[in-house]
Each structure stands twice: as C-alpha cells, then as structure tokens.
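Q: Quick one: the structure is below, and I'll ask about it shortly.
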Amino acid sequence: MTSEHIKGVTLQVNGSFFYSRSKSYHDAEFASNEGFAWTAGGSITYRLPTKTQVQVSSVYQSLTPLPQFNIEPVWYTNIGVRQRLLNERLSLSLLITDVLDQRRWHITTRHPHFSIENHSKPVSRVVWIGLTYTMSGYRPVADDSPGQREEDRAVIRTGQ
C-alpha cells in the first residue's frame, strides 16, 4: 500500500502473514514445529526539490518456526539517500543498513534429546555507495494520429 498525501512524501506499508508446519526425521529421530509468523515493513520517502530523495525503512519479522528451531523476532531500520545529477542521467546513492544496530540472530530449540540456544550478532550495519549512469533511456512519444495502430505505438524504434 502506497500513499502520498503530503507533497514530496511517500509512505509505503507492506506485510505478510503465513502458517508454517514442518516435520523432520533423522536417524529415527523426529522433530516437528509449526506456528503462525508474519513480517511487516514500511518506508517513508522524502523527495526534495534538489532532485534528492531520502528514504527511511523499517522491517519487523515475528517469531518464525522452522523444522529444528524457532527464529526469534528481528527488526531493523535502513536509511538511504539518492542524488540525481547531469540531467538525471547520473545517480549517486548512499545506503546505511541497520542504522540502530538492532539486527540479531537468536534461535531456540526445545527437544527431548537436545536443546539449542544460539545468540549471535552478525555484521549488519553496512554502508553502501552506488553510482549509476544511464546511457540511454526510452521516453514514449505521444502520437495519437488517426492512422497509427496500437501495435505500432508499442514498438521501440532505434536510430530515428
């Protein structure tokens, strides 16, 4: 779902909800796990008059059941900035992932024969710098002359 009620500001919200059921057999050992899980995310994009965009996005993933263990809830926030230059042919971008350094990997298992509890912190705060140059671009020409067929307008012509 996307919304733009304030000029230059776009709000986007998304999510998913699912049920997971899994069974595992290994060397006559049986493990099963099931449950509901969901993810939700959202982003706010600010478009500034200087051809600059700033975006803040967050993601939350609920407890997720897998065959041998559960993944504990995870959430993180990213911030990105993009500046368009040279008549919008050049784009310079900066992305910082997990700005608040909240992303963790916690898994737990309770089984009659074994128990696992793993708490780890991956390197999740990463800075990405991107540079994109558009060499050519397709821009449709509005030609609604009476003799032109719909198929002709759908064809991209080069060299004209």
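So you can find residues: chains in the structure tokens are A, B, ... in the order shown, residues in each start at 1, and ligands are numbered from 1 in order.
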Which of range 77-106 of chain A counts as strand (DSSP E or B) under DSSP, as an MDAnalysis selection string please?
A: chainID A and resid 77:85 90:96 105:106
Q: What's the 9 Å shell around Pro122 in chain A, counting only C-alpha atoms, without same-chain residues fewer than 2 positions away, as a ChimeraX atom specification?
A: /A:103-105,120,124-125
Q: So that I can see what lies close to range 76-79 of chain A, please list as a PyMOL selection string the residues with an atom at most 10 Å from it, counting only C-alpha atoms and leaving out residues fewer than 4 positions away in the same chain.
A: chain A and resi 41-45+54-61+94-104+124-127
Q: Mind dumping the selected residues with C-alpha atoms as a PDB file, in the first residue's frame?
A:
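New file part_5.pdb:
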```
ATOM      1  CA  GLY A  41       7.636  -3.227   6.786  1.00  0.00           C
ATOM      2  CA  GLY A  42       7.255   0.378   5.995  1.00  0.00           C
ATOM      3  CA  SER A  43       9.142   3.217   4.414  1.00  0.00           C
ATOM      4  CA  ILE A  44       8.914   6.966   4.177  1.00  0.00           C
ATOM      5  CA  THR A  45      10.474   8.660   1.157  1.00  0.00           C
ATOM      6  CA  VAL A  54      15.828  10.401   1.425  1.00  0.00           C
ATOM      7  CA  GLN A  55      14.245   7.120   2.484  1.00  0.00           C
ATOM      8  CA  VAL A  56      13.861   5.573   5.929  1.00  0.00           C
ATOM      9  CA  SER A  57      12.589   1.998   6.014  1.00  0.00           C
ATOM     10  CA  SER A  58      11.974  -0.497   8.812  1.00  0.00           C
ATOM     11  CA  VAL A  59      11.252  -4.230   8.793  1.00  0.00           C
ATOM     12  CA  TYR A  60       9.901  -6.472  11.555  1.00  0.00           C
ATOM     13  CA  GLN A  61       9.816 -10.269  11.364  1.00  0.00           C
ATOM     14  CA  LEU A  94      24.263   6.081  -0.117  1.00  0.00           C
ATOM     15  CA  LEU A  95      22.587   3.330   1.933  1.00  0.00           C
ATOM     16  CA  ILE A  96      23.202   2.530   5.585  1.00  0.00           C
ATOM     17  CA  THR A  97      21.666  -0.775   6.686  1.00  0.00           C
ATOM     18  CA  ASP A  98      20.590  -1.486  10.263  1.00  0.00           C
ATOM     19  CA  VAL A  99      21.242   2.061  11.417  1.00  0.00           C
ATOM     20  CA  LEU A 100      20.251   1.321  15.029  1.00  0.00           C
ATOM     21  CA  ASP A 101      22.359  -1.888  15.114  1.00  0.00           C
ATOM     22  CA  GLN A 102      19.361  -3.970  16.247  1.00  0.00           C
ATOM     23  CA  ARG A 103      19.575  -6.982  13.937  1.00  0.00           C
ATOM     24  CA  ARG A 104      20.245 -10.157  15.907  1.00  0.00           C
ATOM     25  CA  SER A 124      24.536  -5.850   9.788  1.00  0.00           C
ATOM     26  CA  ARG A 125      25.399  -2.157   9.802  1.00  0.00           C
ATOM     27  CA  VAL A 126      26.868  -1.742   6.343  1.00  0.00           C
ATOM     28  CA  VAL A 127      27.436   1.364   4.235  1.00  0.00           C
TER      29      VAL A 127
END
```
Q: For a quick check of understanding, using only C-alpha atoms, which of A:Pro67, A:Phe17, A:His119, A:Met135 has the smallest distance to Phe30 in chain A?
A: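 The closest residue to Phe30 in chain A is A:Pro67.
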Q: Could you give me, as a PyMOL selection string, each residue of chain A that DSSP assigns to helix (DSSP H, G or I) when run on this structure's backbone?
A: chain A and resi 150-154
Q: Using only C-alpha atoms, pick whichever of A:Val9, A:Ile129, A:Phe114, A:Pro49 has the shortest atom-to-atom distance to Gly80 in chain A.
A: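 Nearest candidate to Gly80 in chain A out of A:Val9, A:Ile129, A:Phe114, A:Pro49: A:Ile129.
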Q: Please measure the separation of CA of Gln68 in chain A and CA of Phe36 in chain A, giving the value in Å to one decimal.
A: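 So the answer is 15.7 Å.
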Q: Can you tell me which residues surround Trp38 in chain A at a distance of at most 8 Å, considering only C-alpha atoms, apart from same-chain residues fewer than 5 positions away, and format the answer as number ranges by chain?
A: A: 15-18, 61-64
Q: Just the selected residues (C-alpha atoms), exported as a CSV table (one decimal), in the first residue's frame, please.
A:
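In the end it all went to part-v5.csv:
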```
chain,number,residue,atom,x,y,z
A,15,GLY,CA,3.4,-7.2,5.2
A,16,SER,CA,2.7,-10.9,5.0
A,17,PHE,CA,1.2,-13.5,7.3
A,18,PHE,CA,1.7,-17.2,7.0
A,61,GLN,CA,9.8,-10.3,11.4
A,62,SER,CA,7.9,-12.2,14.1
A,63,LEU,CA,9.0,-15.4,15.7
A,64,THR,CA,9.4,-17.8,12.8
```
Q: So, counting only C-alpha atoms, which residue among A:Ser115, A:Thr39, A:Asn70, A:Ser93 is closest to Asn14 in chain A?
A: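 For Asn14 in chain A, the nearest of the given residues is A:Thr39.
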Q: Report, in Å to a single decimal, how far apart CA of Pro65 in chain A and CA of His106 in chain A are.
A: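 Atom-to-atom, CA of His106 in chain A and CA of Pro65 in chain A are spaced 12.1 Å apart.
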Q: So, with only C-alpha atoms as the atoms that count, which of A:Arg110, A:Leu86, A:Gln53, A:Phe69 lies closest to Lys23 in chain A?
A: A:Phe69
Q: How many Å lie between CA of Ala37 in chain A and CA of Lys121 in chain A, rounded to one decimal?
A: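 Separation of CA of Ala37 in chain A and CA of Lys121 in chain A: 21.8 Å.
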Q: Restricting the calculation to only C-alpha atoms: of A:Val81, A:Glu34, A:Thr10, A:Ser136, which residue gets closest to Lys51 in chain A?
A: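 Ranking A:Val81, A:Glu34, A:Thr10, A:Ser136 by distance to Lys51 in chain A, first place goes to A:Val81.
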Q: Using only C-alpha atoms, which of the listed residues (A:Arg47, A:Arg21, A:Arg82, A:His26) sits closest to Leu66 in chain A?
A: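 Smallest separation from Leu66 in chain A among the options: A:Arg21.
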